[in-house]
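**Q** Quick one: the structure is below, questions incoming.
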Amino acid sequence: MPPRTEISTTAVAATVHRLRATFTTGRTKPVAWRRAQLRALRSLLTDHADELQDALRADLGKSAMEAFSTEIGFTVHEIDHALAHLTSWLRPRRTRVPVALAPARAWIVREPLGTVLIISPWNYPVQLALAPLVGALAAGNCAVVKPSELAPATSAALARLLPLHLDRQAVAVVEGGVPETTALLEQRFDHIFYTGNGSVGRIVMTAAARHLTPLTLELGGKSPVVVEPGTDLAAAARRIAWGKFMNAGQTCVAPDYVLAVGETATALETHLAAAVRALYGADPATSPDYGRIVSTRHFDRLVGYLKDGRTVVGGGHDRDSRYLAPTVLADVDCGAPVMNEEIFGPVLPVVAVPDLDAAVSFITERDKPLALYAFTASASSKRRLMTETSSGALSFGVPNAHLTVPGLPFGGVGASGFGRYHGEYSVDIFSHTKAVLDKPLFPDTLRLAYPPLTAVKERLLRRLL
Ligand code: NAD
């Protein structure tokens with residue numbers, strides 16, 4: 001029997017070849033096909049919501065409500081938004097031509113790229129596989145979806161359901177881990193959309209370079225929360241705890257750590273502890289709303305952070321069930337691993353800083369985050385954070401929620417990735433924005449530009465340009 005990677009490479013190459021052949025026929029280009037696929041994807045999500053919720057519970061202990069709001073419902077909204085606006089997004093846009101070129105018409109059209117690859121991670125395994133697919137289909141592409149092997153129940157559900165609902169000649173699911181993804185990356189795609197960690201992001205980018213394939217990297221990092229005096233600390237703590245401990249902290253835009261400005265740290269710690277108890281009860285292990293860590297590898301990594309600070313609340317854990325309580329740490333050493341690695345789990349360090357200057361320096365001295373959050377009552381602090389820091393997104397008063405606004409682009413900057421999607425931005429990512437110029441042969445106004453270039457022509461040209 002040939003080794004597993006060989007089987008994968010052959011099968012994967014055949015799949016990609018089949019999709020490329022479909023794209024060549026032009027079948028995916030008509031708007032009617034795109035709409036039909038989006039509607040079919042919507043039915044998949046609504047008709048099989050229970051099955052997907054069960055898979056998400058099996059993989060991540062996600063509650064049905066959280067699975068619906070952050071994964072299934074979220075993607076349905078993306079689809080509805082795309083269906084409502086697709087016609088206007090695809091309409092060719094006219095642009096003015098310079099006088100020297102008149103008469104002529106110029107416009108911009110979006111054309112599909114071809115066959116694209118979507119590689120998704122385990123933490124929101126439905127949303128992060130299907131929301132990019134919405135963009136790929138809306139833009140008229142064929143697509144291979146590679147779900148994460150670390151969310152096996154969801155991966156299996158997607159592999160079963162997508163071919164049942166979507167055009168099998170245009171959409172394929174390839175399940176598997178490193179060998180299968182490696183085999184996929186050997187193929188030539190017209191775009192690669194990768195969501196995951198930066199180390200694998202580098203592998204994906206290297207592979208894309210071999211075929212000069214454009215790519216989007218949706219990566220992670222440490223997203224800070226700045227809390228200033230004068231803000232309602234109880235309300236801020238409630239929202240921070242909600243955003244942090246959703247999906248047991250395994251959210252790319254979750255608050256990673258808090259910068260408590262001035263005198264806020266002690267009171268904020270108390271309010272965060274109260275917020276955790278209010279959200280998940282005295283024993284979060286028994287809360288139906290609290291998830292589990294995806295794997296023992298991540299569990300062990302996260303438990304290792306507990307020694308990096310004083311536990312304000314939480315700290316309880318159980319390796320067998322991969323349970324780690326919502327935990328707030330104080331008095332952390334900024335050189336400790338918890339302050340230097342993306343936490344990606346339910347551990348929230350609170351760092352006291354003397355003033356906003358110190359908070360801004362703390363942020364700008366580190367990698368540009370995927371998101372920056374602030375709780376402040378000061379308009380000038382908001383202005384300063386807006387102009388003096390750089391992050392994928394900046395949100396005041398609420399974490400995580402910016403990605404539910406369909407008109408806002410979602411993506412990172414610097415180490416948190418590049419490229420942006422959601423709504424119209426998704427169509428942009430999976431389209432080539434083509435320039436079209438149409439100039440009639442008569443009258444031949446270009447005669448001015450043809451040699452021999454006389455002094456009279458030059459004078460006229462200088463006046464026109
Ligand atoms: P993961 O382990 O599921 O990996 C992501 C994908 O990469 C998977 O499909 C996996 O099969 C593939 N992969 C893994 N190793 C590979 C290799 N050596 N070669 C080729 N492919 C490989 O997920 P993860 O990376 O642990 O996800 C968590 C990270 O993703 C965090 O850093 C998080 O912040 C980030 N993230 C970002 C976003 C975003 O939208 N920006 C969303 C979710 C997660």
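By order in the structure tokens, chains are A, B, ...; within a chain, residues start at 1; ligands start at 1, following the order shown.
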How would you report the residues lying within 8 Å of ligand 1, as JSON, numbers by chain, if you count only C-alpha atoms and all ligand atoms?
**A** {"A": [119, 120, 121, 122, 123, 124, 128, 146, 147, 148, 149, 150, 151, 176, 177, 178, 179, 180, 181, 182, 185, 194, 195, 196, 197, 198, 199, 200, 201, 203, 204, 217, 218, 219, 220, 221, 250, 251, 252, 253, 342, 344, 370, 410, 411, 412, 416, 417]}
**Q** Could you list, as JSON, numbers by chain, every residue within 9 Å of A:Arg210, counting only C-alpha atoms and ignoring same-chain residues fewer than 3 positions away?
**A** {"A": [186, 188, 205, 206, 207, 213]}
**Q** Can you spit out the residues from that selection as a PDB file, in the first residue's frame, using C-alpha atoms?
**A**
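What ended up in out.pdb:
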ATOM      1  CA  GLU A 186       1.314  21.539  -3.421  1.00  0.00           C
ATOM      2  CA  ARG A 188      -1.980  25.516  -7.680  1.00  0.00           C
ATOM      3  CA  MET A 205       2.734  31.638   2.620  1.00  0.00           C
ATOM      4  CA  THR A 206       5.871  29.781   1.553  1.00  0.00           C
ATOM      5  CA  ALA A 207       3.755  27.234  -0.327  1.00  0.00           C
ATOM      6  CA  THR A 213      -0.778  32.495  -5.352  1.00  0.00           C
TER       7      THR A 213
END
**Q** Check the smallest atom-to-atom distance from each of A:Ser223, A:Thr296, A:Thr87, A:Asn247 to A:Leu372 using only C-alpha atoms, then report the winner.
**A**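 Among the listed residues, A:Ser223 lies closest to A:Leu372.
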**Q** Which residues, written as a PyMOL selection string, have at least one atom at most 10 Å from A:Arg168, with only C-alpha atoms counted and residues fewer than 4 positions away on the same chain left out?
**A** chain A and resi 18-19+22+142+162-164+172-173
**Q** Give the strand (DSSP E or B) residues of stretch 185-324 of chain A, as DSSP finds them on the backbone, and put them as a ChimeraX atom specification.
**A** /A:191-195,215-218,223-227,255-261,310-313,317-318,323-324
**Q** What lies within 6 Å of stretch 131-137 of chain A using only C-alpha atoms, ignoring chain neighbours under 5 positions off, as number ranges by chain?
**A** A: 34, 75, 426-427, 430
**Q** Check the DSSP output for the backbone and give back, as a PyMOL selection string, the residues of stretch 240-401 of chain A in helix (DSSP H, G or I).
**A** chain A and resi 240-249+264-280+284-286+296-308+337-339+356-364+379-388+401
**Q** In Å, rounded to a single decimal, give me how far atom CA of A:Arg105 is from atom CA of A:Pro452.
**A** 27.0 Å
**Q** Give me, please, the distance in Å between atom CA of A:Glu365 and atom CA of A:Ile240, quoted to one decimal.
**A**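 It comes out at 23.0 Å.
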**Q** Would you pick out the contacts of stretch 61-71 of chain A at 8 Å or less, using only C-alpha atoms, so that residues sharing its chain but fewer than 6 positions from it are not included, and give the list as a PyMOL selection string?
**A** chain A and resi 49+53-54+124-127+247+288-292
**Q** Measuring atom to atom with only C-alpha atoms, identify which of A:Ala153, A:Val97, A:Leu41, A:Val258 is nearest to A:Leu465.
**A**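 Of all the options, A:Val97 lies closest to A:Leu465.
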